[in-house]
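Quick notes on the structure that follows.
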There are 2 protein chains.
Amino acid sequence: MTTQRRNFIKSIALLGGATIIDFNLKAQSIMRKTSANSKLQLRWAPYDLQMKHVFTISNSSRKTTPVVLTSLTYDGVTGYGEASLPPYLGESQASVMEFLKKIDLSGFSNPFHIEEILQYVDKIAENNTAAKAAVDIALHDLLGKIMKQPWHKMWGLNTGKIPDTTYTIGIDTDDMIRTKVKEVEGQFNILKVKLGTADDKRIIKAVRSATQLPIAIDANQGWKDKHEALDLIHWLKEQGVVMIEQPMGKYNLEDNAWITERSPLPVFGDESVQRLRDVQKVKGVFTGINIKLMKCTGLHEAWKMRNLAESLGLKVMLGCMTETSCAISAASQLVAGMDFADLDGALLIQNDAFDGARLDKGKIVPTDEPGIGIKQKIKIDYK
Amino acid sequence: MTTQRRNFIKSIALLGGATIIDFNLKAQSIMRKTSANSKLQLRWAPYDLQMKHVFTISNSSRKTTPVVLTSLTYDGVTGYGEASLPPYLGESQASVMEFLKKIDLSGFSNPFHIEEILQYVDKIAENNTAAKAAVDIALHDLLGKIMKQPWHKMWGLNTGKIPDTTYTIGIDTDDMIRTKVKEVEGQFNILKVKLGTADDKRIIKAVRSATQLPIAIDANQGWKDKHEALDLIHWLKEQGVVMIEQPMGKYNLEDNAWITERSPLPVFGDESVQRLRDVQKVKGVFTGINIKLMKCTGLHEAWKMRNLAESLGLKVMLGCMTETSCAISAASQLVAGMDFADLDGALLIQNDAFDGARLDKGKIVPTDEPGIGIKQKIKIDYK
């Protein structure tokens, strides 16, 4: 049997499956009336993402990314979540599982109390933002499934207005850069190039030798002198670059603000803006902010950050780590109407564990399925 | 592989692919049949609220309040909304209907695009915030009904944590004040007293002669001297007052800030804070803000104002005008977890047109019905 035919049969099977799932949900909601002692049950499983290419940014390289996948069950309905743990962010599978073990949801009989549940989770420890996001995402998936709605609908967003996602080209040799660019030719409308090295111009020239697509730059705090950075930004603009992310150190708001004020391109804060409480501080420092679920503890806070940023006149973009289609699909619920999207995380890996938001004409588009809109592709043994 | 075999596989692939596409198109066109000709149909009806008592605040008295009720239908589902028009706010039934006539929703085939629909409505004219709220509320009711969910659930709020609503005692004679207070004895846990007159102490003493309930004060910009206002606030605290609303003129942020800084009670801005864009300006001016649907164009912006205020460290309260249980039930969706509630609007009228949020042990509690959770009590002829 050919692959196409197998896919065709799979599609038909999936269509049939949808009806069964719907029926099951109905049966469950009937059952729910009798089960008054429902509890939120959180489980998890470590999982290692295999990357398609060695991934290099301004100060690290890697071939795998550890994640922890979560499941949250209530009354027979299960939502899925994910903590992605790029090593430079300080969380590990062990620290995430340690954190998740401390969570006792027995005090919450109503899963709809998002604010209170997540406030409780947030107060367990100071950091662990990815672990917290894994709970937040699973809770959103669960609630969306119970309500039978995708979050983009509940947030009233127009999925016809999703910005093109950038596709990330890591720091590499000229040949590898050209190979990577050619490999995705026709799939993306904008690329993201990681700079912040001594080789920045060489890298851009290598990209430009392979494509004329617009480029977003992520300097990852890699630039050390504001005057040189500004000169470079002017040069980059001439090369068809359309935006700059985190030019200088995350605590160096003064120099970042100096650059933003003079920059001919919009400048987005990433490392400088982790959570809701940071948004206000960067008004006047950056043109916009990069919101990432793993930095800000998940969708609930991300939505607030977006609204706060827009209220303050800041532009907004949504970013990601290397993640499966679980966390990416969660993010995709929120991305419509934003200024930039950087949601290529699941495209960079070989062993995605979920089907969900898909690349469609250069955009990462959420499904209309309930919750975060995903289906498991492989069996995960949540414990 | 032979050419023949490749061609064979190609053919099968094409067949498979074509069938899938064809099937999907059919499924879509079936789905679309019910919604292809679906349009958002906005209708309205003027309605006059008969008040139980003549209602006096610092600069006006009235026995009726004009409102315009709205209905918004899509695909056989109808949501309801309301514009309440206390005369001092500058909108009338005529101006609301004039505004509603200008709205052409034919460009919006998807009612879920809340942000875009409401942005379009907002841009039709500068003011008309109550008219805009009438559209926003009907849209939320409609969408909640389509999604079969109440908004408090979609916002993740704990309806077990709703603040007591204040019950408003207007400016009146001592006897009438005592009568009004006695009339509602046992129903409320906090009263709201309108001050900003030459008679403020007399009014408070009259209330205190009838009840020991905590009191919230609404000065409605009625105080003219900051030193006298502060002295009065100290006296009011001794009388069991727990908060002060809008002590001085709405544009006089300086004196309001001066009072807030020195006040032993939290001070909330009301007239000074109409919309989302005003929230930032009053950080440092007031302890908190009073959000009202009729001021801020409805639930969508109110939710953003709440989140922005909380992000800025401002307290939040939810207020109302004289309204039916339509607008009150809409507000009740949003009130859980706020610092104060002032949602007695529908309790002050004789001819409520809706059943919805109810007074329960001193709190206005939304129902668990979808949308804003209301049912029409009387037939309204929407045109």
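A note on labels: chains of the structure tokens are A, B, ... as shown, every chain counts residues from 1, and ligands are counted from 1 in their shown order.
Across all paired C-alpha atoms, the best overlay of chain B on chain A gives 13.8 Å RMSD.
Non-sequential neighbours of Val273 (chain B) (distance at most 8 Å, separation of 6 or more positions within a chain, only C-alpha atoms) are Val279, Val282, Ile289, Asn290 and Ile291 of chain B.
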A:Leu118, A:Ile364, A:Gln350, A:Leu72 ranked by distance to Cys296 (chain A), top pick (using only C-alpha atoms):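 Looking at the shortest contact to Cys296 (chain A), the residue is A:Leu118.
When only C-alpha atoms are used to measure the gap to Val335 (chain B), the shortest distance among B:Arg306, B:Lys39, B:Lys201, B:Lys145 belongs to B:Arg306.
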Residue set, region 2-214 of chain A restricted to alpha helix (DSSP H), as a ChimeraX atom specification: /A:3-32,93-102,114-123,129-147,151-154,174-183,200-208
Surrounding residues of Pro247 (chain A) excluding itself and chain neighbours under 3 positions, 9 Å, only C-alpha atoms, as a list in words: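 Near neighbours after the sequence-gap exclusion: Gly196, Ile217, Asp218, Ala219, Asn220, Gln221, Gly222, Trp223, Lys224, Lys226, Ala229, Ile244, Lys250, Asp255, Asn256, Ile259, Val267, Phe268 and Gly269 of chain A.
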Write a file of the just-selected residues containing N, CA and C atoms, as an mmCIF file, in the first residue's frame.
data_model
loop_
_atom_site.group_PDB
_atom_site.id
_atom_site.type_symbol
_atom_site.label_atom_id
_atom_site.label_comp_id
_atom_site.auth_asym_id
_atom_site.auth_seq_id
_atom_site.Cartn_x
_atom_site.Cartn_y
_atom_site.Cartn_z
ATOM 1 N N GLY A 196 24.700 38.034 16.889
ATOM 2 C CA GLY A 196 25.341 38.233 18.178
ATOM 3 C C GLY A 196 26.683 37.520 18.233
ATOM 4 N N ILE A 217 15.982 39.377 12.969
ATOM 5 C CA ILE A 217 17.265 39.096 13.623
ATOM 6 C C ILE A 217 17.052 38.867 15.104
ATOM 7 N N ASP A 218 17.635 37.789 15.624
ATOM 8 C CA ASP A 218 17.663 37.609 17.070
ATOM 9 C C ASP A 218 19.107 37.669 17.523
ATOM 10 N N ALA A 219 19.433 38.758 18.226
ATOM 11 C CA ALA A 219 20.823 38.918 18.673
ATOM 12 C C ALA A 219 21.065 38.208 20.000
ATOM 13 N N ASN A 220 19.998 37.769 20.661
ATOM 14 C CA ASN A 220 20.153 37.028 21.928
ATOM 15 C C ASN A 220 21.148 37.674 22.886
ATOM 16 N N GLN A 221 21.061 38.978 23.057
ATOM 17 C CA GLN A 221 21.936 39.753 23.956
ATOM 18 C C GLN A 221 23.392 39.740 23.513
ATOM 19 N N GLY A 222 23.634 39.305 22.285
ATOM 20 C CA GLY A 222 25.007 39.048 21.864
ATOM 21 C C GLY A 222 25.816 40.291 21.511
ATOM 22 N N TRP A 223 25.179 41.442 21.335
ATOM 23 C CA TRP A 223 25.933 42.639 20.967
ATOM 24 C C TRP A 223 26.407 43.358 22.225
ATOM 25 N N LYS A 224 27.648 43.830 22.171
ATOM 26 C CA LYS A 224 28.245 44.343 23.400
ATOM 27 C C LYS A 224 28.420 45.863 23.403
ATOM 28 N N LYS A 226 26.758 49.510 22.048
ATOM 29 C CA LYS A 226 25.520 50.046 21.462
ATOM 30 C C LYS A 226 25.768 50.775 20.143
ATOM 31 N N ALA A 229 26.299 48.205 17.553
ATOM 32 C CA ALA A 229 25.018 47.537 17.311
ATOM 33 C C ALA A 229 24.140 48.391 16.396
ATOM 34 N N ILE A 244 14.522 43.480 14.901
ATOM 35 C CA ILE A 244 15.668 43.070 15.714
ATOM 36 C C ILE A 244 15.155 42.630 17.079
ATOM 37 N N LYS A 250 20.192 41.521 28.924
ATOM 38 C CA LYS A 250 18.800 41.628 29.377
ATOM 39 C C LYS A 250 18.609 42.652 30.484
ATOM 40 N N ASP A 255 20.965 50.749 27.467
ATOM 41 C CA ASP A 255 21.537 50.652 26.119
ATOM 42 C C ASP A 255 20.524 50.098 25.107
ATOM 43 N N ASN A 256 19.692 49.177 25.556
ATOM 44 C CA ASN A 256 18.640 48.695 24.652
ATOM 45 C C ASN A 256 17.702 49.848 24.266
ATOM 46 N N ILE A 259 19.342 52.141 21.767
ATOM 47 C CA ILE A 259 19.289 51.567 20.415
ATOM 48 C C ILE A 259 17.886 51.699 19.823
ATOM 49 N N VAL A 267 12.477 47.110 17.516
ATOM 50 C CA VAL A 267 13.337 46.308 18.390
ATOM 51 C C VAL A 267 12.463 45.633 19.448
ATOM 52 N N PHE A 268 12.551 44.321 19.531
ATOM 53 C CA PHE A 268 11.735 43.556 20.475
ATOM 54 C C PHE A 268 12.588 43.051 21.637
ATOM 55 N N GLY A 269 12.030 43.140 22.836
ATOM 56 C CA GLY A 269 12.699 42.585 24.013
ATOM 57 C C GLY A 269 12.304 41.136 24.196
#
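Ranking A:Pro66, A:Gly156, A:Pro366, A:Gly313 by their shortest atom-to-atom distance to chain B, with only C-alpha atoms included, puts A:Gly156 first.
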Test item: residues at most 10 Å from Asn351 (chain B), only C-alpha atoms, excluding those fewer than 3 positions along its chain, as a VMD selection string: chain B and resid 47 to 52 324 346 to 348 354 377 to 378
Skip Ser92 (chain B) itself and residues of its chain fewer than 4 positions away, then list as a PDB file with C-alpha atoms, in the first residue's frame all residues within 9 Å of it, counting only C-alpha atoms.
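As a result, result10.pdb now contains:
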ATOM      1  CA  PRO B  66     -34.144  55.378  29.423  1.00  0.00           C
ATOM      2  CA  VAL B  67     -32.397  52.345  27.959  1.00  0.00           C
ATOM      3  CA  VAL B  68     -32.134  50.748  24.540  1.00  0.00           C
ATOM      4  CA  SER B  84     -28.371  52.381  29.781  1.00  0.00           C
ATOM      5  CA  LEU B  85     -28.661  56.150  29.428  1.00  0.00           C
ATOM      6  CA  PRO B  86     -28.690  58.145  32.643  1.00  0.00           C
ATOM      7  CA  PRO B  87     -29.302  61.633  31.253  1.00  0.00           C
ATOM      8  CA  VAL B  96     -28.128  55.334  20.610  1.00  0.00           C
ATOM      9  CA  MET B  97     -30.544  54.319  17.865  1.00  0.00           C
TER      10      MET B  97
END
Exercise: Thr70 (chain B) partners within 6 Å, only C-alpha atoms, chain neighbours under 4 positions left out, as a ChimeraX atom specification: /B:43-44,80-82
Selected residues written out, N, CA and C atoms, as a PDB file, in the first residue's frame:
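Wrote it out as part.pdb, contents follow:
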ATOM      1  N   ARG B  43     -30.774  44.228  16.056  1.00  0.00           N
ATOM      2  CA  ARG B  43     -32.065  44.925  16.199  1.00  0.00           C
ATOM      3  C   ARG B  43     -32.088  45.623  17.547  1.00  0.00           C
ATOM      4  N   TRP B  44     -33.030  46.533  17.727  1.00  0.00           N
ATOM      5  CA  TRP B  44     -33.082  47.245  19.006  1.00  0.00           C
ATOM      6  C   TRP B  44     -34.485  47.732  19.324  1.00  0.00           C
ATOM      7  N   TYR B  80     -28.541  39.077  23.685  1.00  0.00           N
ATOM      8  CA  TYR B  80     -29.182  40.327  24.065  1.00  0.00           C
ATOM      9  C   TYR B  80     -28.191  41.302  24.699  1.00  0.00           C
ATOM     10  N   GLY B  81     -28.459  42.580  24.458  1.00  0.00           N
ATOM     11  CA  GLY B  81     -27.605  43.614  25.019  1.00  0.00           C
ATOM     12  C   GLY B  81     -28.418  44.802  25.486  1.00  0.00           C
ATOM     13  N   GLU B  82     -27.722  45.785  26.044  1.00  0.00           N
ATOM     14  CA  GLU B  82     -28.425  46.933  26.616  1.00  0.00           C
ATOM     15  C   GLU B  82     -27.510  48.142  26.685  1.00  0.00           C
TER      16      GLU B  82
END
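Counting only C-alpha atoms and comparing B:Gly186, B:Gly319, B:Pro163, B:Gly337, the residue that lies closest to chain A is B:Gly337.
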Leu139 (chain B) environment, 9 Å, only C-alpha atoms, sequence neighbours closer than 5 positions dropped, as an MDAnalysis selection string: chainID B and resid 71:73 78:81 111:112 114 134 144 371
Selected residues written out with C-alpha atoms, as a PDB file, in the first residue's frame:
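The result, stored in out-v2.pdb:
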ATOM      1  CA  SER B  71     -30.680  41.748  20.028  1.00  0.00           C
ATOM      2  CA  LEU B  72     -28.015  40.213  17.816  1.00  0.00           C
ATOM      3  CA  THR B  73     -28.928  37.117  15.825  1.00  0.00           C
ATOM      4  CA  THR B  78     -29.865  35.403  19.563  1.00  0.00           C
ATOM      5  CA  GLY B  79     -27.876  37.357  22.125  1.00  0.00           C
ATOM      6  CA  TYR B  80     -29.182  40.327  24.065  1.00  0.00           C
ATOM      7  CA  GLY B  81     -27.605  43.614  25.019  1.00  0.00           C
ATOM      8  CA  PRO B 111     -19.151  36.399  14.838  1.00  0.00           C
ATOM      9  CA  PHE B 112     -16.149  35.037  16.757  1.00  0.00           C
ATOM     10  CA  ILE B 114     -14.838  39.905  18.677  1.00  0.00           C
ATOM     11  CA  ALA B 134     -25.167  47.366  23.830  1.00  0.00           C
ATOM     12  CA  GLY B 144     -21.556  32.332  24.778  1.00  0.00           C
ATOM     13  CA  GLY B 371     -23.608  33.706  27.384  1.00  0.00           C
TER      14      GLY B 371
END
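Taking only C-alpha atoms into account, chain A lies nearest to B:Leu157 out of the set B:Leu299, B:Met305, B:Ala353, B:Leu157.
From CA of Ala216 (chain B) back to CA of Asp175 (chain B), the distance works out to 20.2 Å.
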Which of region 66-119 of chain B fall in strand (DSSP E or B), as a list in words: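 Assigned to strand (DSSP E or B), within region 66-119 of chain B: Pro66, Val67, Val68, Leu69, Thr70, Ser71, Leu72, Thr73, Tyr74, Val77, Thr78, Gly79, Tyr80, Gly81, Glu82, Ala83 and Ser84 of chain B.
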Option closest in space to Ser106 (chain B), from B:Thr168, B:Gln376, B:Gln41, B:Gln187 [counting only C-alpha atoms]: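 With only C-alpha atoms as the atom set, the closest residue is B:Gln41.
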